[in-house]
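Everything on this sheet refers to the single structure shown next.
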Amino acid sequence: MKTLRKFINHPLFSGSAIMIGGSMTINVVNYIYHLVMGRILGPVNYGVLASLFSILYIVGIVPSSTSVAIVKFISSAKNPGEMMTIYNALNKLVFKLASAISIVTIIAAPFIANFLHIDNVFLIILITPILFFSLLTLVNQATSQGLLKFMGFVLPNFTSSLAKICLGVLFVIMGYSVFGAMIGVFAGGFLAFFVSKWYIRDIKKIRKFKKKYNLKPFLKYSLPVFLQALAFTSIFTTDVILVKHFLTPFDAGIYAALSTLGKIVFFASAPISSVMFPVVSGRSAKGEKYLGIFWGSFGLTLAVSAVVVGIYYFFSDFAINILYGPAYLSASIDLVWMGLFILVYTLALLLVNFSLSLGKTRIIVFPVLAAFGQAILLWIFHSSILEVIQVSLAICTLMLFGEGVFLGYNSRYGLAKGKQYGKA
């Protein structure tokens, strides 16, 4: 009994349970949000909302991609004073980044609204406070994670999601349409900020700390993570933005629904990659075998993703109708293509994470090139929803192939040189 209690109370078990359970709950709430909004807004207005979310994802990737680095540096602090020094320095850095991005967003708002064919420019301006508070919240969440206070990471996200769906739906029903939905997002982010502050209240009481901290090691560590996050975020958001620009408002709404359903493939299998990363990293550091872990993760990811794509292939009409309603049934013909696109995307991300877990960062050149290639090709080829999806699928297939060749070559090269890269 004592052994069981000790196991349950171990930070690895309890932390994993909180993170996995919390993330699954939040993902479910967020999916319900999109499904409900898709129904009550209709295809045209839902297309506008989805494009606004895509802008939030892309603009916010600069500071948010540093969260992994924040966790690393906070958790490696030798004493409370050093921890407070690091927190203050990172908080100031993200505050400056958030302020700069907010100013640029406000200035660019009329141009963004015109590009996306959005009549109300205030919808773009409203992104600014949402982004600002979400980025400040991120620093607090990453700090909580570094302190092993995992509820400090999960609860702000849950608060944001719950407020977003409750208030957003209320305002839309009251007749405020997309603006009401965005007000709900802002309210959720605002509340989440104060929840996140509560979990780090102890370290903010620390008085003995240095006023200056050298951020160069932090920035150097963050750069590869940032490029990878930016590239992969771009690949599944650029298409939504360009569809909103080039296709009809109705088609943009249909594509937004397809994109949301396609991401089920990703979220169903993404935890496998998250588990693989630390296991491979730990085994590699100890000189132990790890290729079996990689191939097991690859096979399981492929299997889980293939099951979802198979459901989309055989039951596309049912999936669309039950989740979004009859107004979106025209999307059913393209659903399996979207599923294939996200399946290949997910496998490509797994390969990159595998390489990064070994400390090998050069592989990020493939997603970066893929992101640029997708944007360029979609600017040229966008005659229909199917063509947009097939362009993205082709780009991701080339990315996956390139990553596979790169890893295979480095594995053979590493063995020839007596290195551990590719150790079976």
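For the structure tokens, the naming scheme is as follows: chains receive sequential letters (A, B, ...) according to their order of presentation, residues are indexed from 1 within each chain, and ligands are indexed from 1 in presentation order.
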Proximity of segment 110-150 of chain A to segment 41-59 of chain A: per-residue shortest pair, 9 Å limit, only C-alpha atoms, as JSON lines:
```
{"residue": "A:Leu116", "atom": "CA", "partner": "A:Ser51", "partner_atom": "CA", "distance": 7.8}
{"residue": "A:His117", "atom": "CA", "partner": "A:Val48", "partner_atom": "CA", "distance": 8.8}
{"residue": "A:Ile118", "atom": "CA", "partner": "A:Val48", "partner_atom": "CA", "distance": 7.2}
{"residue": "A:Leu123", "atom": "CA", "partner": "A:Leu52", "partner_atom": "CA", "distance": 7.9}
{"residue": "A:Ile124", "atom": "CA", "partner": "A:Leu52", "partner_atom": "CA", "distance": 7.2}
{"residue": "A:Ile127", "atom": "CA", "partner": "A:Leu56", "partner_atom": "CA", "distance": 6.8}
{"residue": "A:Thr128", "atom": "CA", "partner": "A:Leu56", "partner_atom": "CA", "distance": 8.9}
{"residue": "A:Ile130", "atom": "CA", "partner": "A:Leu56", "partner_atom": "CA", "distance": 8.4}
{"residue": "A:Leu131", "atom": "CA", "partner": "A:Leu56", "partner_atom": "CA", "distance": 6.8}
```
Write down as a PyMOL selection string the residues of segment 131-294 of chain A whose backbone DSSP state falls under helix (DSSP H, G or I).
chain A and resi 131-146+151-199+203-205+216-235+238-246+249-286+291-294
Pick out the closest residue to Val36 of chain A from this set: A:Lys164, A:Lys289, A:Lys197, A:Lys92. Count only C-alpha atoms.
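Comparing A:Lys164, A:Lys289, A:Lys197, A:Lys92 against Val36 of chain A, the winner is A:Lys164.
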Rows by chain and residue number, segment 284-395 of chain A within 9 Å of segment 222-238 of chain A, shortest pair, only C-alpha atoms, as CSV:
```
residue,atom,partner,partner_atom,distance
A:Ile342,CA,A:Phe236,CA,8.4
A:Tyr345,CA,A:Phe232,CA,8.3
A:Leu349,CA,A:Phe232,CA,7.6
A:Val352,CA,A:Gln228,CA,8.2
A:Leu356,CA,A:Val225,CA,8.7
A:Thr361,CA,A:Pro224,CA,6.5
A:Arg362,CA,A:Pro224,CA,8.6
A:Ile364,CA,A:Gln228,CA,5.8
A:Val365,CA,A:Gln228,CA,8.5
A:Pro367,CA,A:Ala231,CA,5.5
A:Val368,CA,A:Ala231,CA,5.0
A:Leu369,CA,A:Ala231,CA,8.2
A:Ala370,CA,A:Ala231,CA,7.6
A:Ala371,CA,A:Ile235,CA,5.4
A:Phe372,CA,A:Ala231,CA,8.3
A:Gln374,CA,A:Ile235,CA,7.1
A:Ala375,CA,A:Thr238,CA,6.7
A:Leu378,CA,A:Thr238,CA,8.9
A:Ser392,CA,A:Ile235,CA,7.7
```
Next, dump the selected residues to file, keeping only C-alpha atoms, as a PDB file, in the first residue's frame.
```
ATOM      1  CA  ILE A 342      -2.649  15.811 -41.415  1.00  0.00           C
ATOM      2  CA  TYR A 345       2.097  16.143 -41.293  1.00  0.00           C
ATOM      3  CA  LEU A 349       6.586  16.174 -36.902  1.00  0.00           C
ATOM      4  CA  VAL A 352      11.668  16.113 -36.276  1.00  0.00           C
ATOM      5  CA  LEU A 356      15.611  17.078 -31.630  1.00  0.00           C
ATOM      6  CA  THR A 361      18.770  20.345 -34.922  1.00  0.00           C
ATOM      7  CA  ARG A 362      19.724  20.487 -38.602  1.00  0.00           C
ATOM      8  CA  ILE A 364      14.497  21.704 -38.965  1.00  0.00           C
ATOM      9  CA  VAL A 365      15.530  22.881 -42.446  1.00  0.00           C
ATOM     10  CA  PRO A 367       9.814  21.943 -42.154  1.00  0.00           C
ATOM     11  CA  VAL A 368      11.097  25.487 -42.758  1.00  0.00           C
ATOM     12  CA  LEU A 369      11.439  24.809 -46.506  1.00  0.00           C
ATOM     13  CA  ALA A 370       8.061  23.055 -46.512  1.00  0.00           C
ATOM     14  CA  ALA A 371       6.353  26.054 -44.893  1.00  0.00           C
ATOM     15  CA  PHE A 372       7.803  28.416 -47.500  1.00  0.00           C
ATOM     16  CA  GLN A 374       3.390  25.583 -49.185  1.00  0.00           C
ATOM     17  CA  ALA A 375       2.792  29.340 -48.991  1.00  0.00           C
ATOM     18  CA  LEU A 378      -0.909  27.909 -52.523  1.00  0.00           C
ATOM     19  CA  SER A 392      -0.403  20.774 -48.737  1.00  0.00           C
TER      20      SER A 392
END
```
Write out as a PyMOL selection string each polymer residue whose atoms come within 12 Å of Asp317 of chain A, counting only C-alpha atoms; drop sequence neighbours fewer than 3 positions from it.
chain A and resi 311-314+320-336
Neighbour list for Thr159 of chain A as a PyMOL selection string, cut-off 9 Å, only C-alpha atoms, skip fewer than 5 positions in-chain
chain A and resi 154+164+188-189+191-192+195
Keeping only N, CA and C atoms, write the selected residues as a CSV table (one decimal), in the first residue's frame.
```
chain,number,residue,atom,x,y,z
A,154,VAL,N,-2.2,23.7,-16.4
A,154,VAL,CA,-3.5,23.1,-16.9
A,154,VAL,C,-4.7,24.0,-16.6
A,164,LYS,N,-14.3,30.9,-22.7
A,164,LYS,CA,-14.5,31.1,-24.2
A,164,LYS,C,-15.7,30.5,-24.7
A,188,GLY,N,-11.8,34.9,-21.7
A,188,GLY,CA,-11.2,33.7,-21.2
A,188,GLY,C,-9.7,33.9,-21.0
A,189,GLY,N,-9.0,34.6,-21.9
A,189,GLY,CA,-7.6,34.9,-21.7
A,189,GLY,C,-7.3,35.8,-20.6
A,191,LEU,N,-9.1,36.1,-17.8
A,191,LEU,CA,-9.2,35.3,-16.5
A,191,LEU,C,-8.1,34.3,-16.3
A,192,ALA,N,-7.6,33.7,-17.4
A,192,ALA,CA,-6.5,32.8,-17.3
A,192,ALA,C,-5.3,33.4,-16.8
A,195,VAL,N,-5.4,33.6,-13.0
A,195,VAL,CA,-5.3,32.2,-12.5
A,195,VAL,C,-3.8,31.8,-12.5
```
Between atom CA of Val307 of chain A and atom CA of Asn27 of chain A, what distance in Å does the model show, to one decimal?
19.1 Å
I need the residue nearest Phe153 of chain A from this list: A:Ser281, A:Val139, A:His245, A:Phe132. Use only C-alpha atoms for the distance.
A:Val139
If we count only C-alpha atoms, what is near Ile86 of chain A at a cut-off of 7 Å, once residues fewer than 4 positions away on the same chain are taken out, given as a list in words?
Ile74, Glu82, Leu90 and Tyr213 of chain A
Glu403 of chain A surroundings by only C-alpha atoms, 10 Å radius, close-in-sequence under 3 positions cut, as a list in words:
Ala348, Leu349, Leu351, Val352, Ser355, Ile363, Ile364, Val365, Phe366, Pro367, Thr397, Leu398, Met399, Leu400, Phe406, Leu407, Gly408 and Tyr409 of chain A
Write out as a CSV table (one decimal) with N, CA and C atoms, in the first residue's frame the residues lying within 12 Å of Ile173 of chain A, counting only C-alpha atoms and excluding same-chain residues fewer than 4 positions away.
```csv
chain,number,residue,atom,x,y,z
A,36,VAL,N,-19.7,23.9,-31.9
A,36,VAL,CA,-20.8,24.7,-31.6
A,36,VAL,C,-20.8,26.0,-32.4
A,37,MET,N,-19.6,26.6,-32.5
A,37,MET,CA,-19.5,27.9,-33.2
A,37,MET,C,-19.8,27.7,-34.7
A,39,ARG,N,-21.8,25.6,-36.0
A,39,ARG,CA,-23.2,25.4,-36.2
A,39,ARG,C,-24.0,26.7,-36.1
A,40,ILE,N,-23.7,27.5,-35.0
A,40,ILE,CA,-24.5,28.7,-34.7
A,40,ILE,C,-24.0,29.9,-35.6
A,41,LEU,N,-22.8,29.9,-36.1
A,41,LEU,CA,-22.3,31.0,-36.9
A,41,LEU,C,-22.6,30.7,-38.4
A,165,ILE,N,-16.0,29.3,-24.3
A,165,ILE,CA,-17.2,28.6,-24.9
A,165,ILE,C,-18.5,29.1,-24.3
A,166,CYS,N,-18.5,29.4,-23.0
A,166,CYS,CA,-19.7,29.9,-22.3
A,166,CYS,C,-20.1,31.3,-22.7
A,167,LEU,N,-19.1,32.2,-22.6
A,167,LEU,CA,-19.4,33.6,-22.9
A,167,LEU,C,-19.5,33.8,-24.4
A,168,GLY,N,-18.6,33.1,-25.2
A,168,GLY,CA,-18.7,33.2,-26.7
A,168,GLY,C,-20.0,32.8,-27.2
A,169,VAL,N,-20.5,31.6,-26.8
A,169,VAL,CA,-21.8,31.2,-27.3
A,169,VAL,C,-22.9,32.1,-26.8
A,177,SER,N,-22.5,37.9,-33.1
A,177,SER,CA,-21.8,37.1,-34.2
A,177,SER,C,-20.3,36.9,-33.9
A,178,VAL,N,-19.5,37.1,-34.9
A,178,VAL,CA,-18.0,36.8,-34.7
A,178,VAL,C,-17.4,37.7,-33.6
A,179,PHE,N,-17.8,39.0,-33.5
A,179,PHE,CA,-17.3,39.9,-32.5
A,179,PHE,C,-17.6,39.3,-31.1
A,180,GLY,N,-18.8,38.8,-30.9
A,180,GLY,CA,-19.2,38.2,-29.7
A,180,GLY,C,-18.3,37.0,-29.3
A,181,ALA,N,-18.0,36.2,-30.3
A,181,ALA,CA,-17.2,35.0,-30.1
A,181,ALA,C,-15.8,35.5,-29.7
```
